[in-house]
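Next up, data-v5.cif (mmCIF, C-alpha atoms):
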data_entry
loop_
_atom_site.label_atom_id
_atom_site.label_comp_id
_atom_site.auth_asym_id
_atom_site.auth_seq_id
_atom_site.Cartn_x
_atom_site.Cartn_y
_atom_site.Cartn_z
CA MET X 19 -56.64 40.05 -155.66
CA ARG X 20 -55.82 41.00 -159.23
CA SER X 21 -57.69 39.31 -162.03
CA PHE X 22 -55.71 36.73 -163.94
CA PRO X 23 -55.09 38.92 -167.03
CA GLN X 24 -54.01 41.83 -164.81
CA PHE X 25 -51.59 39.57 -162.95
CA VAL X 26 -50.06 38.18 -166.14
CA LEU X 27 -49.58 41.63 -167.67
CA ALA X 28 -47.99 42.86 -164.44
CA LEU X 29 -45.71 39.81 -164.32
CA LEU X 30 -44.57 40.26 -167.91
CA ALA X 31 -44.09 44.00 -167.47
CA SER X 32 -42.06 43.74 -164.26
CA THR X 33 -40.05 40.56 -164.70
CA PRO X 34 -37.17 40.20 -167.19
CA LEU X 35 -38.33 37.47 -169.53
CA LEU X 36 -36.18 34.40 -169.43
CA PRO X 37 -35.25 32.94 -172.80
CA ALA X 38 -37.34 29.98 -173.85
CA GLN X 39 -35.78 26.66 -172.98
CA SER X 40 -33.49 25.68 -175.79
CA ILE X 41 -33.88 21.95 -176.31
CA PRO X 42 -32.44 20.04 -179.28
CA ASP X 43 -35.10 19.58 -181.93
CA LEU X 44 -33.75 16.47 -183.69
CA LEU X 45 -32.00 14.10 -181.26
CA TYR X 46 -31.20 14.42 -177.55
CA TYR X 47 -29.91 11.39 -175.67
CA ARG X 48 -29.00 11.93 -172.02
CA PHE X 49 -28.26 8.18 -171.55
CA ASN X 50 -29.41 8.38 -167.94
CA GLU X 51 -31.30 5.11 -168.06
CA THR X 52 -29.89 2.38 -165.82
CA THR X 53 -30.34 -0.41 -168.36
CA GLY X 54 -30.91 -0.72 -172.10
CA PRO X 55 -31.79 -1.24 -174.77
CA ALA X 56 -34.16 1.77 -174.97
CA VAL X 57 -32.64 5.25 -174.49
CA ALA X 58 -35.13 8.12 -174.63
CA ASN X 59 -34.87 10.71 -177.38
CA GLN X 60 -35.75 13.82 -175.39
CA ALA X 61 -35.53 16.24 -178.31
CA VAL X 62 -38.55 18.45 -178.99
CA PRO X 63 -40.30 17.72 -181.28
CA GLY X 64 -37.67 15.04 -182.01
CA MET X 65 -36.96 13.01 -185.12
CA GLY X 66 -36.67 9.29 -185.70
CA ASN X 67 -37.87 7.01 -182.92
CA PRO X 68 -39.13 8.26 -179.52
CA SER X 69 -36.41 6.06 -178.01
CA GLY X 70 -33.11 5.03 -179.55
CA THR X 71 -32.24 1.36 -179.35
CA ILE X 72 -28.88 0.06 -178.13
CA THR X 73 -28.15 -2.73 -180.59
CA GLY X 74 -25.67 -5.45 -179.67
CA THR X 75 -24.25 -6.66 -176.38
CA GLY X 76 -20.99 -4.70 -176.25
CA MET X 77 -22.59 -1.37 -175.41
CA THR X 78 -23.70 -0.60 -171.87
CA LEU X 79 -24.79 2.33 -169.71
CA THR X 80 -22.19 3.29 -167.11
CA PRO X 81 -21.45 6.41 -165.01
CA GLY X 82 -20.86 9.42 -167.25
CA GLN X 83 -20.32 13.16 -167.17
CA TYR X 84 -23.92 13.64 -166.02
CA GLY X 85 -25.72 10.60 -164.69
CA ASN X 86 -24.98 7.68 -167.00
CA ALA X 87 -23.30 7.51 -170.41
CA LEU X 88 -23.23 5.24 -173.43
CA THR X 89 -20.14 3.02 -173.21
CA GLY X 90 -18.59 1.04 -176.04
CA VAL X 91 -15.68 -1.38 -176.12
CA GLY X 92 -14.61 -0.74 -179.70
CA ALA X 93 -16.73 -3.44 -181.31
CA ALA X 94 -17.68 -2.95 -184.94
CA SER X 95 -20.67 -0.67 -185.46
CA THR X 96 -22.34 -3.45 -187.42
CA ALA X 97 -22.73 -5.15 -184.02
CA ASP X 98 -22.88 -2.31 -181.46
CA TYR X 99 -24.56 1.06 -181.99
CA VAL X 100 -27.58 3.16 -181.05
CA ALA X 101 -30.24 3.05 -183.75
CA THR X 102 -32.00 6.44 -183.91
CA GLY X 103 -34.45 5.71 -186.71
CA TYR X 104 -33.64 9.16 -188.12
CA THR X 105 -32.67 9.41 -191.77
CA ALA X 106 -31.37 12.97 -191.67
CA ASN X 107 -32.08 14.87 -194.89
CA LEU X 108 -30.15 18.08 -194.22
CA SER X 109 -29.04 19.00 -197.72
CA GLY X 110 -28.41 22.74 -197.74
CA LEU X 111 -29.53 23.17 -194.12
CA SER X 112 -27.69 24.23 -190.97
CA TRP X 113 -27.16 21.82 -188.07
CA THR X 114 -25.23 21.31 -184.83
CA ILE X 115 -23.96 18.09 -183.23
CA GLU X 116 -22.47 18.16 -179.73
CA PHE X 117 -21.59 15.63 -177.05
CA TRP X 118 -19.24 14.75 -174.21
CA TYR X 119 -16.63 12.07 -174.88
CA ALA X 120 -14.16 10.15 -172.70
CA PRO X 121 -11.78 7.64 -174.35
CA SER X 122 -11.41 4.31 -172.60
CA ALA X 123 -8.01 3.51 -174.08
CA THR X 124 -5.04 5.32 -175.55
CA VAL X 125 -5.73 7.56 -178.52
CA SER X 126 -4.17 4.93 -180.76
CA ALA X 127 -7.52 3.12 -180.57
CA THR X 128 -9.94 4.32 -183.21
CA SER X 129 -13.27 5.56 -181.88
CA TYR X 130 -16.18 6.40 -184.18
CA LEU X 131 -18.66 8.57 -182.35
CA CYS X 132 -21.58 9.04 -184.74
CA GLY X 133 -22.44 9.02 -188.39
CA VAL X 134 -24.26 7.42 -191.28
CA PRO X 135 -23.38 3.72 -191.61
CA VAL X 136 -22.42 3.89 -195.27
CA SER X 137 -18.82 3.75 -196.46
CA GLY X 138 -17.47 7.24 -197.00
CA ALA X 139 -20.57 8.94 -195.55
CA PHE X 140 -20.67 11.50 -192.76
CA ARG X 141 -18.90 10.59 -189.51
CA ILE X 142 -17.16 12.08 -186.49
CA PHE X 143 -14.25 10.07 -185.09
CA CYS X 144 -10.96 10.28 -183.23
CA GLY X 145 -7.93 8.14 -182.49
CA SER X 146 -5.93 5.87 -184.79
CA SER X 147 -4.49 7.96 -187.62
CA ALA X 148 -6.36 10.96 -186.22
CA GLY X 149 -4.34 10.75 -182.99
CA THR X 150 -5.43 13.33 -180.42
CA ASN X 151 -7.70 15.04 -182.95
CA PHE X 152 -11.42 14.92 -183.61
CA VAL X 153 -12.36 14.67 -187.28
CA ALA X 154 -15.64 15.39 -189.07
CA SER X 155 -15.59 14.03 -192.58
CA GLY X 156 -17.75 12.49 -195.24
CA THR X 157 -19.18 12.61 -198.72
CA GLN X 158 -19.43 16.21 -199.98
CA LEU X 159 -17.90 17.49 -196.74
CA THR X 160 -14.60 19.31 -196.51
CA THR X 161 -12.86 17.60 -193.57
CA SER X 162 -12.71 19.62 -190.35
CA ILE X 163 -10.19 18.72 -187.63
CA ILE X 164 -10.21 19.81 -183.98
CA THR X 165 -6.53 19.48 -183.13
CA GLY X 166 -5.19 18.05 -179.88
CA ALA X 167 -8.53 17.85 -178.08
CA VAL X 168 -8.73 14.12 -177.28
CA PRO X 169 -7.91 13.74 -173.56
CA ALA X 170 -6.16 10.95 -171.74
CA ALA X 171 -8.09 7.75 -171.09
CA GLY X 172 -11.02 8.27 -168.72
CA ASN X 173 -11.06 12.08 -168.97
CA TRP X 174 -13.91 14.04 -170.53
CA VAL X 175 -14.04 16.65 -173.28
CA HIS X 176 -17.02 18.37 -174.87
CA VAL X 177 -17.06 18.49 -178.67
CA ALA X 178 -19.38 20.48 -180.93
CA TYR X 179 -19.53 20.79 -184.70
CA VAL X 180 -21.70 23.54 -186.20
CA PHE X 181 -22.57 23.55 -189.90
CA ASP X 182 -23.75 26.99 -191.04
CA ALA X 183 -25.44 26.96 -194.44
CA SER X 184 -26.49 30.61 -194.20
CA VAL X 185 -23.06 31.95 -195.22
CA THR X 186 -21.17 31.64 -198.51
CA PRO X 187 -19.25 29.44 -198.57
CA ALA X 188 -20.90 27.35 -195.88
CA THR X 189 -18.71 26.66 -192.84
CA LEU X 190 -18.15 23.80 -190.42
CA THR X 191 -16.94 25.09 -187.05
CA GLY X 192 -15.54 22.92 -184.29
CA TYR X 193 -15.51 23.65 -180.55
CA ALA X 194 -13.73 21.91 -177.67
CA ASN X 195 -14.99 22.54 -174.13
CA GLY X 196 -17.05 25.48 -175.37
CA ALA X 197 -14.13 27.25 -177.04
CA LEU X 198 -13.72 27.83 -180.77
CA ALA X 199 -11.18 25.38 -182.20
CA VAL X 200 -11.47 25.45 -186.01
CA THR X 201 -13.58 26.90 -188.83
CA THR X 202 -13.48 25.10 -192.17
CA ALA X 203 -14.95 26.55 -195.35
CA GLN X 204 -17.10 23.95 -197.09
CA THR X 205 -15.70 23.99 -200.60
CA ALA X 206 -16.43 20.33 -201.28
CA GLY X 207 -20.19 20.83 -201.34
CA ILE X 208 -23.15 20.63 -199.00
CA PRO X 209 -23.28 17.47 -196.88
CA ILE X 210 -26.26 15.21 -197.41
CA PHE X 211 -27.03 12.74 -194.62
CA ASN X 212 -30.00 10.93 -196.15
CA GLN X 213 -28.18 7.78 -197.28
CA ALA X 214 -29.22 5.68 -194.25
CA PRO X 215 -30.52 6.15 -190.69
CA PHE X 216 -28.10 8.07 -188.48
CA ILE X 217 -26.45 6.12 -185.65
CA VAL X 218 -24.69 7.09 -182.41
CA GLY X 219 -21.61 5.17 -181.29
CA GLY X 220 -20.27 4.14 -184.68
CA GLN X 221 -20.12 4.53 -188.43
CA SER X 222 -19.57 2.20 -191.36
CA GLY X 223 -17.97 -0.82 -189.65
CA ALA X 224 -16.08 1.09 -186.93
CA GLY X 225 -17.35 1.55 -183.39
CA LEU X 226 -17.18 3.45 -180.12
CA ASN X 227 -14.11 3.07 -177.92
CA GLY X 228 -15.06 4.99 -174.78
CA ARG X 229 -18.06 6.84 -173.42
CA ILE X 230 -20.50 9.36 -174.93
CA ASP X 231 -22.82 11.53 -172.86
CA GLU X 232 -25.36 14.30 -173.54
CA PHE X 233 -25.61 13.68 -177.30
CA ARG X 234 -27.44 16.60 -178.93
CA PHE X 235 -28.40 17.08 -182.58
CA TRP X 236 -29.98 20.38 -183.59
CA GLY X 237 -31.50 21.42 -186.91
CA SER X 238 -29.88 24.86 -186.69
CA ALA X 239 -26.46 26.47 -186.40
CA ARG X 240 -25.77 27.13 -182.71
CA SER X 241 -23.85 30.33 -182.01
CA ALA X 242 -20.56 30.47 -180.14
CA SER X 243 -22.30 32.02 -177.13
CA GLN X 244 -24.97 29.32 -177.13
CA ILE X 245 -22.34 26.59 -177.19
CA ALA X 246 -20.33 28.24 -174.42
CA SER X 247 -23.34 28.87 -172.18
CA SER X 248 -24.92 25.41 -172.35
CA TYR X 249 -22.21 22.82 -172.99
CA ASN X 250 -21.20 22.27 -169.37
CA SER X 251 -24.62 21.30 -168.02
CA GLN X 252 -27.61 19.15 -168.73
CA ILE X 253 -30.47 20.95 -170.41
CA ASN X 254 -33.33 21.72 -168.08
CA LEU X 255 -36.19 19.46 -169.12
CA PHE X 256 -38.81 20.91 -166.79
CA ASN X 257 -42.16 21.75 -168.37
CA MET X 258 -41.96 19.66 -171.52
CA LEU X 259 -44.81 20.63 -173.85
CA SER X 260 -45.61 18.24 -176.69
CA GLY X 261 -48.58 17.84 -178.97
CA SER X 262 -49.90 16.74 -182.31
CA THR X 263 -52.76 17.00 -184.78
CA THR X 264 -53.89 14.89 -187.68
CA GLY X 265 -53.41 17.94 -189.90
CA GLY X 266 -55.24 18.82 -193.05
CA GLY X 267 -57.68 21.02 -191.18
CA VAL X 268 -59.29 18.10 -189.34
CA GLY X 269 -59.33 20.24 -186.20
CA ASP X 270 -58.18 17.67 -183.65
CA LEU X 271 -55.46 18.39 -181.09
CA SER X 272 -53.47 16.62 -178.39
CA LEU X 273 -51.44 18.56 -175.80
CA SER X 274 -49.24 17.05 -173.09
CA LEU X 275 -47.33 18.94 -170.39
CA THR X 276 -44.90 16.80 -168.39
CA ASP X 277 -41.96 17.18 -165.98
CA LEU X 278 -43.49 20.21 -164.30
CA SER X 279 -41.13 22.54 -162.49
CA PRO X 280 -40.99 22.04 -158.71
CA GLY X 281 -43.53 24.07 -156.80
CA ALA X 282 -45.85 24.66 -159.75
CA GLY X 283 -49.43 25.18 -158.58
CA ARG X 284 -51.14 26.64 -161.64
CA GLY X 285 -50.34 27.56 -165.18
CA PHE X 286 -51.60 28.58 -168.54
CA THR X 287 -50.82 27.97 -172.20
CA LEU X 288 -50.38 30.89 -174.57
CA VAL X 289 -51.16 30.47 -178.26
CA THR X 290 -50.20 32.60 -181.27
CA ALA X 291 -50.59 32.42 -185.01
CA ALA X 292 -47.57 34.69 -185.56
CA THR X 293 -45.26 31.89 -186.68
CA SER X 294 -43.31 33.31 -189.63
CA ALA X 295 -40.13 33.73 -187.55
CA PRO X 296 -37.88 30.84 -186.48
CA LEU X 297 -39.23 28.70 -183.66
CA ALA X 298 -38.73 29.97 -180.08
CA THR X 299 -37.22 33.36 -181.03
CA GLY X 300 -40.13 35.54 -179.89
CA PRO X 301 -39.98 38.12 -177.08
CA LEU X 302 -42.78 36.63 -174.95
CA LEU X 303 -41.49 33.35 -173.48
CA GLY X 304 -40.27 32.48 -176.97
CA ILE X 305 -43.44 33.30 -178.93
CA PHE X 306 -44.52 36.36 -180.90
CA PRO X 307 -47.87 37.31 -179.32
CA ASP X 308 -50.86 38.34 -181.42
CA ALA X 309 -54.54 39.05 -180.85
CA ILE X 310 -55.18 35.37 -180.10
CA THR X 311 -52.58 35.45 -177.33
CA TRP X 312 -54.09 38.41 -175.54
CA SER X 313 -57.68 37.21 -175.91
CA LEU X 314 -56.80 33.85 -174.32
CA LEU X 315 -55.59 35.62 -171.18
CA GLN X 316 -59.28 36.00 -170.34
CA SER X 317 -59.62 32.24 -170.00
CA PRO X 318 -60.77 31.36 -166.46
CA GLU X 319 -58.83 28.98 -164.25
CA LEU X 320 -60.75 25.72 -164.51
CA PRO X 321 -59.67 22.13 -163.83
CA GLY X 322 -58.59 20.53 -167.10
CA ASN X 323 -58.62 23.79 -169.06
CA PRO X 324 -55.19 23.86 -170.81
CA LEU X 325 -55.39 27.62 -171.32
CA HIS X 326 -55.53 28.31 -167.55
CA PHE X 327 -55.33 25.35 -165.22
CA PRO X 328 -54.66 24.31 -161.62
CA VAL X 329 -51.95 21.69 -161.10
CA GLY X 330 -52.40 18.44 -159.21
CA ILE X 331 -55.90 17.26 -160.05
CA PRO X 332 -55.73 13.56 -160.99
CA GLY X 333 -57.12 12.67 -164.38
CA LEU X 334 -57.18 16.22 -165.71
CA PHE X 335 -54.68 18.30 -167.65
CA PRO X 336 -51.76 18.55 -166.99
CA ASP X 337 -51.96 15.26 -165.07
CA THR X 338 -53.17 13.67 -168.31
CA PRO X 339 -52.98 14.90 -171.93
CA PHE X 340 -55.67 17.26 -173.19
CA LEU X 341 -57.51 15.89 -176.22
CA LEU X 342 -59.78 17.63 -178.71
CA PRO X 343 -61.69 15.38 -181.13
CA PRO X 344 -61.95 16.08 -184.87
CA GLY X 345 -63.73 19.37 -185.40
CA GLY X 346 -62.80 20.56 -181.92
CA ILE X 347 -60.92 23.56 -183.27
CA ALA X 348 -61.75 25.51 -186.44
CA VAL X 349 -58.40 25.99 -188.16
CA PRO X 350 -57.90 26.13 -191.95
CA PRO X 351 -55.59 23.44 -193.36
CA GLY X 352 -51.93 24.46 -193.18
CA THR X 353 -52.37 26.94 -190.33
CA ALA X 354 -49.44 26.97 -187.90
CA LEU X 355 -49.85 27.82 -184.22
CA ASP X 356 -47.15 28.20 -181.57
CA PHE X 357 -47.87 27.12 -177.98
CA VAL X 358 -45.94 27.83 -174.78
CA SER X 359 -46.92 27.01 -171.18
CA LEU X 360 -46.12 29.22 -168.20
CA LEU X 361 -46.08 27.68 -164.69
CA LEU X 362 -46.71 29.64 -161.49
CA THR X 363 -46.47 28.78 -157.82
CA PRO X 364 -49.60 28.70 -155.62
CA ALA X 365 -48.60 32.23 -154.56
CA TRP X 366 -48.61 33.33 -158.24
CA ASP X 367 -44.82 33.62 -158.48
CA TYR X 368 -42.97 32.51 -161.59
CA SER X 369 -42.14 28.79 -161.50
CA GLY X 370 -40.98 28.11 -165.07
CA HIS X 371 -42.06 27.87 -168.67
CA SER X 372 -41.99 25.26 -171.40
CA ASN X 373 -40.38 24.92 -174.76
CA VAL X 374 -42.24 26.49 -177.68
CA LEU X 375 -44.32 23.93 -179.57
CA ARG X 376 -45.29 24.57 -183.21
CA ILE X 377 -48.20 22.58 -184.65
CA VAL X 378 -49.39 22.75 -188.27
CA PHE X 379 -53.08 21.94 -188.63
#

Mind turning the file's structure into structure tokens?
Amino acid sequence: MRSFPQFVLALLASTPLLPAQSIPDLLYYRFNETTGPAVANQAVPGMGNPSGTITGTGMTLTPGQYGNALTGVGAASTADYVATGYTANLSGLSWTIEFWYAPSATVSATSYLCGVPVSGAFRIFCGSSAGTNFVASGTQLTTSIITGAVPAAGNWVHVAYVFDASVTPATLTGYANGALAVTTAQTAGIPIFNQAPFIVGGQSGAGLNGRIDEFRFWGSARSASQIASSYNSQINLFNMLSGSTTGGGVGDLSLSLTDLSPGAGRGFTLVTAATSAPLATGPLLGIFPDAITWSLLQSPELPGNPLHFPVGIPGLFPDTPFLLPPGGIAVPPGTALDFVSLLLTPAWDYSGHSNVLRIVF
């Protein structure tokens, strides 16, 4: 049998590398819980609270586009909304918001889908004076309208708004069912969301009239091809890698690998210090390999060793998180490392890989 490093090099040389899983990094609510009030924020690393909280009694979880969906009856957002705990400070930064929506009444009923609960602040809504249109508007935002996209009651449509701050002037682009609908130059200024915690299912006083599913909030401008390729499915959440450190060069580390892909029998975690490029854009399972990466391929397969581990041993990684105490790793303060886990079957075939996790020590 080949040695582990030989196998990995052969695998990477002979197998087209799949792109790293692209998971929203700010907010991702699938709303697949059966009851509230907690709805998991499955973004990686995620912002705000680990779980959003359905506030009020008028919002429920009912069958949606995929699994369940958040359902509102049009009550004021001061009573019914999902509290994210995320005060989004995105001044001058790119972002993407996307979701599925099904109205529960005629389009004459106003439905506020998300926003900052401050009068005049950022919001996305439809219905009422907007009619069959979706509207993104707010302080310092040039209004962008997706025309004629609101379906009949009970039918679903996917909506995405992409704010691109990398161009001059900045643009806000709207998509309906994965197709480009409108591009609006942002001549009014750069939107700032940091007035109050962002909510889903409402905005200042107005609430959700219908159902929302697969709510995704990214801290980047998604491309047209990315929107088109991923809108009509749930995001694969297999092999979720998360972790943390106290920072400041303390040298402690926590790593957790959950939701392993079916059939996984062994795996390893690659590490690199080549982190100057945007997260998850590297050629090797989303990372840019360096000398650290290649040296760690020599790590032996040992129970609980996060660098090269068997799967299925109770009480050891990845069954439980891997923990290093303070001083467990010698890393200067401010050093960033990227981690990605690769899962293999017992027969050493590719099973899946994780998101890329960036930790600053």

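Interatomic distance, atom CA of X:Gly64 to atom CA of X:Ala206: 29.2 Å.
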
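A search radius of 9 Å centred on (-16.2, 17.6, -188.5), applied to only C-alpha atoms, returns the residues Phe140, Arg141, Ile142, Phe143, Phe152, Val153, Ala154, Ser155, Gly156, Leu159, Thr160, Thr161, Ser162, Ile163, Ile164, Ala178, Tyr179, Val180, Phe181, Leu190, Thr191, Gly192 and Thr202 of chain X.
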
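The shortest atom-to-atom distance to X:Ala87, with only C-alpha atoms taken into account, belongs to X:Phe233 out of X:Asp43, X:Leu198, X:Ala203, X:Phe233.
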
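Coordinates place atom CA of X:Ser243 at a distance of 26.2 Å from atom CA of X:Pro307.
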
Near stretch 115-122 of chain X, within 7 Å and counting all atoms listed in the file, which residues show up once chain neighbours fewer than 3 positions away are dropped, as a list of chain:residue names?
-> X:Ala171, X:Gly172, X:Asn173, X:Trp174, X:Val175, X:His176, X:Val177, X:Ala178, X:Tyr179, X:Val180, X:Asn227, X:Gly228, X:Arg229, X:Ile230, X:Asp231, X:Glu232, X:Phe233, X:Arg234, X:Phe235, X:Trp236

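When only C-alpha atoms are used to compute distances to X:Ser279, the closest of the residues X:Ser109, X:Thr186, X:Thr264, X:Ser369 turns out to be X:Ser369.
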
Starting from the displayed file, determine the output of the PyMOL selection byres ((chain X and resi 259) around 7) and express the residue list as a ChimeraX atom specification.
-> /X:257-258,260-261,274-276,372-373,375

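Here atom CA of X:Pro343 and atom CA of X:Asp270 stand 4.9 Å from one another.
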
Which residues come within 10 Å of X:Trp312, counting all atoms listed in the file, excluding same-chain residues fewer than 2 positions away, as a PyMOL selection string?
-> chain X and resi 23+27+288-290+307-310+314-317

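Every polymer residue reaching to within 8 Å of (-43.1, 26.8, -176.0), counting all atoms listed in the file, appears in this list: Ala38, Gln39, Leu259, Ala298, Leu303, Gly304, Ile305, Asp356, Phe357, Val358, Ser359, His371, Ser372, Asn373, Val374, Leu375 and Arg376 of chain X.
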
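If you measure from each of X:Ala183, X:Ala291, X:Ala167, X:Val218 to X:Ala199 using all atoms listed in the file, the closest one turns out to be X:Ala167.
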
Which one of X:Gly110, X:Gly85, X:Ser251, X:Gly237 sits closest to X:Val185 if you count all atoms listed in the file?
-> X:Gly110

Would you list the contacts of X:Asn107 as number ranges by chain, taking every protein, DNA or RNA residue within 10 Å and counting only C-alpha atoms, but skipping same-chain residues closer than 3 positions in sequence?
-> X: 104, 110-111, 209-215

So which one's closest to X:Gly265, X:Gly370, X:Pro344, X:Pro318, X:Gly145? Using all atoms listed in the file, please.
-> X:Pro344

Decode the PyMOL selection byres ((chain X and resi 55) around 7) for the given file into explicit residues and return them as an MDAnalysis selection string.
-> chainID X and resid 53:54 56:57 71:72

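Residues matched by the PyMOL selection byres ((chain X and resi 130) around 7) in this file: Thr128, Ser129, Leu131, Cys132, Ile142, Phe143, Cys144, Gly219, Gly220, Gln221, Ala224, Gly225 and Leu226 of chain X.
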
Of the listed residues X:Val168, X:Gln158, X:Phe256, X:Thr353, that which approaches X:Thr205 most closely, counting only C-alpha atoms | X:Gln158

Could stretch 136-156 of chain X be completed with N, CA and C atoms and written as a short mmCIF file (atom, residue, chain, number, x, y, z; two decimals), in the frame of the given file, please?
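This is the output file rebuild-v5.cif:
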data_model
loop_
_atom_site.label_atom_id
_atom_site.label_comp_id
_atom_site.auth_asym_id
_atom_site.auth_seq_id
_atom_site.Cartn_x
_atom_site.Cartn_y
_atom_site.Cartn_z
N VAL X 136 -22.70 4.15 -193.86
CA VAL X 136 -22.42 3.89 -195.27
C VAL X 136 -20.98 4.28 -195.53
N SER X 137 -20.24 3.47 -196.21
CA SER X 137 -18.82 3.75 -196.46
C SER X 137 -18.64 5.12 -197.09
N GLY X 138 -17.78 5.92 -196.49
CA GLY X 138 -17.47 7.24 -197.00
C GLY X 138 -18.45 8.32 -196.60
N ALA X 139 -19.55 7.96 -195.93
CA ALA X 139 -20.57 8.94 -195.55
C ALA X 139 -20.13 9.73 -194.32
N PHE X 140 -20.99 10.62 -193.87
CA PHE X 140 -20.67 11.50 -192.76
C PHE X 140 -20.31 10.71 -191.51
N ARG X 141 -19.26 11.17 -190.79
CA ARG X 141 -18.90 10.59 -189.51
C ARG X 141 -18.05 11.57 -188.71
N ILE X 142 -18.08 11.39 -187.39
CA ILE X 142 -17.16 12.08 -186.49
C ILE X 142 -16.40 10.99 -185.74
N PHE X 143 -15.06 11.10 -185.73
CA PHE X 143 -14.25 10.07 -185.09
C PHE X 143 -12.99 10.68 -184.51
N CYS X 144 -12.25 9.87 -183.77
CA CYS X 144 -10.96 10.28 -183.23
C CYS X 144 -10.11 9.04 -183.07
N GLY X 145 -8.85 9.25 -182.70
CA GLY X 145 -7.93 8.14 -182.49
C GLY X 145 -7.37 7.59 -183.77
N SER X 146 -6.60 6.52 -183.66
CA SER X 146 -5.93 5.87 -184.79
C SER X 146 -5.10 6.91 -185.54
N SER X 147 -5.28 7.00 -186.84
CA SER X 147 -4.49 7.96 -187.62
C SER X 147 -4.82 9.40 -187.26
N ALA X 148 -5.99 9.61 -186.64
CA ALA X 148 -6.36 10.96 -186.22
C ALA X 148 -5.64 11.38 -184.94
N GLY X 149 -5.08 10.43 -184.20
CA GLY X 149 -4.34 10.75 -182.99
C GLY X 149 -5.20 11.45 -181.97
N THR X 150 -4.72 12.58 -181.46
CA THR X 150 -5.43 13.33 -180.42
C THR X 150 -6.44 14.31 -181.01
N ASN X 151 -6.79 14.12 -182.26
CA ASN X 151 -7.70 15.04 -182.95
C ASN X 151 -9.09 14.44 -183.12
N PHE X 152 -10.09 15.31 -183.17
CA PHE X 152 -11.42 14.92 -183.61
C PHE X 152 -11.58 15.32 -185.07
N VAL X 153 -12.23 14.46 -185.84
CA VAL X 153 -12.36 14.67 -187.28
C VAL X 153 -13.82 14.52 -187.68
N ALA X 154 -14.33 15.51 -188.43
CA ALA X 154 -15.64 15.39 -189.07
C ALA X 154 -15.40 15.31 -190.56
N SER X 155 -15.89 14.26 -191.17
CA SER X 155 -15.59 14.03 -192.58
C SER X 155 -16.76 13.32 -193.23
N GLY X 156 -16.71 13.22 -194.55
CA GLY X 156 -17.75 12.49 -195.24
C GLY X 156 -17.96 12.96 -196.66
#
